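Q: Structure file input_18.cif (mmCIF, C-alpha atoms) is given on the next line.
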```cif
data_upload
loop_
_atom_site.group_PDB
_atom_site.id
_atom_site.type_symbol
_atom_site.label_atom_id
_atom_site.label_comp_id
_atom_site.auth_asym_id
_atom_site.auth_seq_id
_atom_site.Cartn_x
_atom_site.Cartn_y
_atom_site.Cartn_z
ATOM 1 C CA GLN A 152 0.000 0.000 0.000
ATOM 2 C CA VAL A 153 1.393 3.351 -1.023
ATOM 3 C CA GLN A 154 1.721 5.930 1.700
ATOM 4 C CA LEU A 155 3.055 9.461 1.521
ATOM 5 C CA VAL A 156 3.606 11.144 4.850
ATOM 6 C CA GLU A 157 4.375 14.842 5.033
ATOM 7 C CA SER A 158 6.011 16.575 7.951
ATOM 8 C CA GLY A 159 7.723 19.857 8.750
ATOM 9 C CA GLY A 160 4.836 22.286 8.555
ATOM 10 C CA GLY A 161 4.257 24.912 11.182
ATOM 11 C CA SER A 162 3.836 28.589 11.931
ATOM 12 C CA VAL A 163 6.592 31.107 11.260
ATOM 13 C CA GLN A 164 6.872 34.810 10.680
ATOM 14 C CA ALA A 165 7.277 36.335 7.257
ATOM 15 C CA GLY A 166 10.845 36.038 6.048
ATOM 16 C CA GLY A 167 11.364 32.767 7.871
ATOM 17 C CA SER A 168 12.043 29.279 6.545
ATOM 18 C CA LEU A 169 10.532 25.828 6.766
ATOM 19 C CA ARG A 170 11.550 22.482 5.344
ATOM 20 C CA LEU A 171 8.838 20.021 4.411
ATOM 21 C CA SER A 172 9.541 16.316 4.072
ATOM 22 C CA CYS A 173 7.569 13.642 2.259
ATOM 23 C CA ALA A 174 8.433 10.063 3.113
ATOM 24 C CA ALA A 175 7.142 7.439 0.698
ATOM 25 C CA SER A 176 6.462 3.859 1.677
ATOM 26 C CA GLY A 177 5.171 1.018 -0.449
ATOM 27 C CA TYR A 178 6.382 3.008 -3.428
ATOM 28 C CA THR A 179 9.767 3.637 -4.951
ATOM 29 C CA PHE A 180 9.609 7.091 -6.394
ATOM 30 C CA VAL A 181 12.982 6.997 -8.087
ATOM 31 C CA SER A 182 11.451 6.571 -11.543
ATOM 32 C CA HIS A 183 8.384 8.736 -11.101
ATOM 33 C CA CYS A 184 7.316 12.334 -10.794
ATOM 34 C CA MET A 185 6.970 13.802 -7.329
ATOM 35 C CA GLY A 186 5.343 17.091 -6.551
ATOM 36 C CA TRP A 187 4.372 19.537 -3.856
ATOM 37 C CA PHE A 188 0.988 21.195 -4.068
ATOM 38 C CA ARG A 189 -0.742 23.666 -1.790
ATOM 39 C CA GLN A 190 -4.289 24.731 -1.174
ATOM 40 C CA ALA A 191 -5.419 27.789 0.713
ATOM 41 C CA PRO A 192 -9.011 28.161 1.960
ATOM 42 C CA GLY A 193 -11.330 29.063 -0.884
ATOM 43 C CA LYS A 194 -8.647 28.536 -3.527
ATOM 44 C CA GLU A 195 -7.822 25.781 -5.971
ATOM 45 C CA ARG A 196 -4.988 23.366 -5.349
ATOM 46 C CA GLU A 197 -1.820 24.813 -6.872
ATOM 47 C CA GLY A 198 1.232 22.957 -8.109
ATOM 48 C CA VAL A 199 4.174 24.548 -6.288
ATOM 49 C CA ALA A 200 7.137 22.419 -7.335
ATOM 50 C CA THR A 201 7.799 19.136 -9.077
ATOM 51 C CA ILE A 202 10.806 16.922 -9.575
ATOM 52 C CA ASN A 203 11.451 14.320 -12.237
ATOM 53 C CA THR A 204 13.235 11.852 -10.004
ATOM 54 C CA PRO A 205 15.219 9.986 -12.682
ATOM 55 C CA SER A 206 16.733 13.178 -14.062
ATOM 56 C CA GLY A 207 16.356 15.622 -11.217
ATOM 57 C CA SER A 208 14.646 18.155 -13.479
ATOM 58 C CA THR A 209 12.550 20.573 -11.485
ATOM 59 C CA TYR A 210 9.619 22.885 -12.016
ATOM 60 C CA TYR A 211 8.593 25.813 -9.835
ATOM 61 C CA ALA A 212 5.529 27.987 -9.897
ATOM 62 C CA ASP A 213 6.364 31.619 -10.577
ATOM 63 C CA SER A 214 5.085 32.549 -7.135
ATOM 64 C CA VAL A 215 7.811 30.503 -5.403
ATOM 65 C CA LYS A 216 10.669 30.605 -7.895
ATOM 66 C CA GLY A 217 13.917 31.633 -6.231
ATOM 67 C CA ARG A 218 12.518 30.983 -2.741
ATOM 68 C CA PHE A 219 11.577 27.279 -2.721
ATOM 69 C CA THR A 220 13.752 24.287 -3.582
ATOM 70 C CA ILE A 221 12.541 20.741 -4.179
ATOM 71 C CA SER A 222 15.021 17.912 -3.696
ATOM 72 C CA GLN A 223 15.135 14.163 -3.291
ATOM 73 C CA ASP A 224 16.973 11.576 -1.230
ATOM 74 C CA ASN A 225 16.667 8.279 -3.050
ATOM 75 C CA ALA A 226 18.199 6.282 -0.220
ATOM 76 C CA LYS A 227 15.523 7.551 2.156
ATOM 77 C CA ASN A 228 12.725 7.516 -0.430
ATOM 78 C CA THR A 229 12.023 11.068 0.640
ATOM 79 C CA VAL A 230 11.326 14.327 -1.151
ATOM 80 C CA TYR A 231 11.878 17.705 0.462
ATOM 81 C CA LEU A 232 10.636 21.232 -0.060
ATOM 82 C CA GLN A 233 12.910 23.900 1.373
ATOM 83 C CA MET A 234 10.957 27.121 1.727
ATOM 84 C CA ASN A 235 12.815 30.364 2.352
ATOM 85 C CA SER A 236 11.749 34.017 2.506
ATOM 86 C CA LEU A 237 8.243 32.914 3.351
ATOM 87 C CA LYS A 238 5.352 35.294 2.792
ATOM 88 C CA PRO A 239 1.848 35.412 4.298
ATOM 89 C CA GLU A 240 0.484 34.389 0.897
ATOM 90 C CA ASP A 241 2.371 31.086 1.238
ATOM 91 C CA THR A 242 -0.072 30.114 3.981
ATOM 92 C CA ALA A 243 -1.817 26.914 2.910
ATOM 93 C CA MET A 244 -2.092 23.184 3.414
ATOM 94 C CA TYR A 245 0.819 21.600 1.601
ATOM 95 C CA TYR A 246 0.472 18.191 -0.014
ATOM 96 C CA CYS A 247 3.014 15.769 -1.380
ATOM 97 C CA ALA A 248 2.024 13.786 -4.454
ATOM 98 C CA ALA A 249 3.434 10.936 -6.510
ATOM 99 C CA GLY A 250 2.673 10.642 -10.181
ATOM 100 C CA ARG A 251 3.479 8.957 -13.412
ATOM 101 C CA THR A 252 6.737 8.788 -15.308
ATOM 102 C CA VAL A 253 8.034 11.492 -17.610
ATOM 103 C CA LEU A 254 10.885 10.412 -19.850
ATOM 104 C CA PHE A 255 12.162 13.876 -20.705
ATOM 105 C CA GLY A 256 11.847 17.307 -19.217
ATOM 106 C CA THR A 257 9.955 18.416 -16.154
ATOM 107 C CA CYS A 258 6.974 16.898 -14.442
ATOM 108 C CA PRO A 259 3.730 18.810 -14.908
ATOM 109 C CA PRO A 260 2.195 20.691 -12.000
ATOM 110 C CA HIS A 261 -1.269 19.416 -12.825
ATOM 111 C CA PHE A 262 -3.401 17.830 -10.167
ATOM 112 C CA SER A 263 -4.668 15.062 -12.468
ATOM 113 C CA PHE A 264 -1.180 13.750 -13.255
ATOM 114 C CA TYR A 265 -0.619 12.504 -9.722
ATOM 115 C CA ASN A 266 -2.003 9.224 -8.405
ATOM 116 C CA TYR A 267 -1.072 9.258 -4.732
ATOM 117 C CA TRP A 268 -1.395 11.998 -2.136
ATOM 118 C CA GLY A 269 -0.303 12.588 1.393
ATOM 119 C CA GLN A 270 -2.581 13.879 4.118
ATOM 120 C CA GLY A 271 -1.096 17.361 4.046
ATOM 121 C CA THR A 272 0.824 19.562 6.443
ATOM 122 C CA GLN A 273 -0.261 23.063 7.407
ATOM 123 C CA VAL A 274 2.004 26.028 6.798
ATOM 124 C CA THR A 275 1.013 29.351 8.357
ATOM 125 C CA ILE A 276 2.990 32.538 7.788
ATOM 126 C CA SER A 277 2.267 35.581 9.896
ATOM 127 C CA SER A 278 3.122 39.128 8.876
#
```
Using structure tokens, write down the structure that the file contains.
A:
Amino acid sequence: QVQLVESGGGSVQAGGSLRLSCAASGYTFVSHCMGWFRQAPGKEREGVATINTPSGSTYYADSVKGRFTISQDNAKNTVYLQMNSLKPEDTAMYYCAAGRTVLFGTCPPHFSFYNYWGQGTQVTISS
């Protein structure tokens, strides 16, 4: 059974940093797309960052480019999202997702491409 477990969320002030982790079990992500999504109250789920685990190619939403970094640790079957220079508008529930395989290029930030989801971890940024 595939399980994705997120951790690392919390409450910080604007300008601070958080590091989210997504540990996968029952699933070897090394040949698949992994992504981080977020959803704020009343808003649609947004693809924040993705990583093509075979190649390491990454995608970032414009809103987080230069501030967030997605990375992987194949030995630990874990994907991370390092979030720096956090803003109040980054406040949301953050979800880890595992998707299909992309042979070339970056993994799409589209909700429908991903088959498995974690339960989410809350990130709250105060001004």
Q: Check which residues satisfy the PyMOL selection byres ((chain A and resi 167) around 7) in the file shown, then give them as a VMD selection string.
A: chain A and resid 163 to 166 168 235 to 237
Q: Work out how far atom CA of A:Asp224 is from atom CA of A:Ala175, in Å to one decimal.
A: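 According to the coordinates, atom CA of A:Ala175 and atom CA of A:Asp224 are separated by 10.8 Å.
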Q: Using the chain letters and numbers from the file, which residues does the PyMOL selection byres ((chain A and resi 172) around 12) grab, as JSON, numbers by chain?
A: {"A": [155, 156, 157, 158, 159, 160, 169, 170, 171, 173, 174, 175, 185, 186, 187, 220, 221, 222, 223, 224, 227, 228, 229, 230, 231, 232, 233, 234, 245, 246, 247, 248, 269, 271, 272]}
Q: A:Thr257, A:Gln270, A:Asn225, A:Thr242: which is nearest A:Tyr211, counting all atoms listed in the file?
A: A:Thr257
Q: As JSON, please: the centre and edge lengths in Å, to one decimal, of an axis-aligned box enclosing every listed atom of stretch 164-167 of chain A with 8 Å added on each side.
A:
```
{"center_x": 9.1, "center_y": 34.6, "center_z": 8.4, "size_x": 20.5, "size_y": 19.6, "size_z": 20.6}
```
Q: Check what the PyMOL selection byres ((chain A and resi 199-202) around 6) selects in the file above and give those residues as a JSON list (two decimals) with C-alpha atoms, keeping the file's coordinate frame.
A:
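result_8.json, freshly written:
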```json
[["chain", "number", "residue", "atom", "x", "y", "z"],
["A", 184, "CYS", "CA", 7.32, 12.33, -10.79],
["A", 185, "MET", "CA", 6.97, 13.80, -7.33],
["A", 186, "GLY", "CA", 5.34, 17.09, -6.55],
["A", 187, "TRP", "CA", 4.37, 19.54, -3.86],
["A", 188, "PHE", "CA", 0.99, 21.20, -4.07],
["A", 198, "GLY", "CA", 1.23, 22.96, -8.11],
["A", 203, "ASN", "CA", 11.45, 14.32, -12.24],
["A", 204, "THR", "CA", 13.24, 11.85, -10.00],
["A", 207, "GLY", "CA", 16.36, 15.62, -11.22],
["A", 208, "SER", "CA", 14.65, 18.16, -13.48],
["A", 209, "THR", "CA", 12.55, 20.57, -11.48],
["A", 210, "TYR", "CA", 9.62, 22.88, -12.02],
["A", 211, "TYR", "CA", 8.59, 25.81, -9.84],
["A", 212, "ALA", "CA", 5.53, 27.99, -9.90],
["A", 258, "CYS", "CA", 6.97, 16.90, -14.44]]
```
Q: Which one is closest to A:Arg251: A:Ser278, A:Ala191, A:Phe219, A:Thr179? Count only C-alpha atoms.
A: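 Smallest separation from A:Arg251 among the options: A:Thr179.
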Q: I'd like the contact shell of A:Tyr178 - 8 Å cut-off, all atoms listed in the file, skipping same-chain residues fewer than 2 positions apart - returned as a count of residues only.
A: 6
Q: Report the distance between atom CA of A:Gly256 and atom CA of A:Ser206 in Å, rounded to one decimal place.
A: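 Distance reported for this atom pair: 8.2 Å.
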Q: From the list A:Ala226, A:Val215, A:Ala249, A:Met244, which residue is nearest A:Ser162 when using only C-alpha atoms?
A: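 Ranked by minimum distance to A:Ser162, first place goes to A:Met244.
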Q: Between A:Pro259, A:Asp241, A:Glu195, A:Ser214, which one has atoms that come closest to A:Thr275, using all atoms listed in the file?
A: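 Selected residue with least distance to A:Thr275: A:Asp241.
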Q: How far is it from atom CA of A:Ser277 to atom CA of A:Pro239, in Å with one decimal?
A: 5.6 Å
Q: Which is closer to A:Ile276 than all the others in A:Arg189, A:Arg218, A:Ser263, A:Ala243, using all atoms listed in the file?
A: A:Ala243
Q: Can you work out which one of A:Gly250, A:Pro205, A:Lys216, A:Glu240 has the shortest atom-to-atom distance to A:Gln190, counting all atoms listed in the file?
A: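 Counting all atoms listed in the file, the residue closest to A:Gln190 is A:Glu240.
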Q: Output stretch 154-165 of chain A as a CSV table (one decimal), keeping the file's coordinate frame, making sure all heavy atoms are there.
A:
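Written output follows (part-v3.csv):
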```csv
chain,number,residue,atom,x,y,z
A,154,GLN,N,2.0,4.9,0.7
A,154,GLN,CA,1.7,5.9,1.7
A,154,GLN,C,2.7,7.1,1.5
A,154,GLN,O,3.9,6.8,1.4
A,154,GLN,CB,1.8,5.4,3.1
A,154,GLN,CG,0.6,4.7,3.6
A,154,GLN,CD,0.6,4.5,5.1
A,154,GLN,OE1,1.7,4.1,5.7
A,154,GLN,NE2,-0.5,4.8,5.8
A,155,LEU,N,2.2,8.3,1.5
A,155,LEU,CA,3.1,9.5,1.5
A,155,LEU,C,2.8,10.2,2.8
A,155,LEU,O,1.6,10.6,3.1
A,155,LEU,CB,2.8,10.3,0.3
A,155,LEU,CG,2.9,9.7,-1.1
A,155,LEU,CD1,2.5,10.6,-2.2
A,155,LEU,CD2,4.3,9.3,-1.3
A,156,VAL,N,3.8,10.5,3.6
A,156,VAL,CA,3.6,11.1,4.8
A,156,VAL,C,4.4,12.4,4.9
A,156,VAL,O,5.7,12.4,4.8
A,156,VAL,CB,4.0,10.2,6.0
A,156,VAL,CG1,3.8,11.0,7.3
A,156,VAL,CG2,3.2,8.9,6.0
A,157,GLU,N,3.7,13.5,5.0
A,157,GLU,CA,4.4,14.8,5.0
A,157,GLU,C,4.7,15.2,6.5
A,157,GLU,O,3.9,14.8,7.4
A,157,GLU,CB,3.5,15.9,4.4
A,157,GLU,CG,3.1,15.7,3.0
A,157,GLU,CD,1.7,15.2,2.8
A,157,GLU,OE1,1.2,14.5,3.8
A,157,GLU,OE2,1.1,15.5,1.8
A,158,SER,N,5.7,16.0,6.6
A,158,SER,CA,6.0,16.6,8.0
A,158,SER,C,6.8,17.9,7.7
A,158,SER,O,7.2,18.2,6.6
A,158,SER,CB,6.8,15.6,8.8
A,158,SER,OG,8.1,15.3,8.1
A,159,GLY,N,6.9,18.6,8.8
A,159,GLY,CA,7.7,19.9,8.8
A,159,GLY,C,6.9,21.1,8.7
A,159,GLY,O,7.5,22.2,8.7
A,160,GLY,N,5.6,21.1,8.6
A,160,GLY,CA,4.8,22.3,8.6
A,160,GLY,C,4.9,23.0,9.9
A,160,GLY,O,5.4,22.4,10.9
A,161,GLY,N,4.3,24.2,9.9
A,161,GLY,CA,4.3,24.9,11.2
A,161,GLY,C,3.9,26.4,10.9
A,161,GLY,O,3.5,26.8,9.9
A,162,SER,N,4.1,27.2,12.0
A,162,SER,CA,3.8,28.6,11.9
A,162,SER,C,5.1,29.4,12.1
A,162,SER,O,5.8,29.2,13.1
A,162,SER,CB,2.8,29.0,13.0
A,162,SER,OG,1.6,28.3,12.9
A,163,VAL,N,5.4,30.3,11.2
A,163,VAL,CA,6.6,31.1,11.3
A,163,VAL,C,6.2,32.5,10.8
A,163,VAL,O,5.2,32.7,10.2
A,163,VAL,CB,7.8,30.6,10.4
A,163,VAL,CG1,8.2,29.2,10.9
A,163,VAL,CG2,7.4,30.6,8.9
A,164,GLN,N,7.1,33.4,11.1
A,164,GLN,CA,6.9,34.8,10.7
A,164,GLN,C,7.4,35.0,9.3
A,164,GLN,O,8.2,34.2,8.8
A,164,GLN,CB,7.6,35.8,11.6
A,164,GLN,CG,7.0,35.9,13.0
A,164,GLN,CD,7.5,37.0,13.8
A,164,GLN,OE1,8.7,37.3,13.7
A,164,GLN,NE2,6.7,37.7,14.6
A,165,ALA,N,6.8,36.0,8.6
A,165,ALA,CA,7.3,36.3,7.3
A,165,ALA,C,8.8,36.5,7.2
A,165,ALA,O,9.4,37.1,8.2
A,165,ALA,CB,6.6,37.6,6.8
```
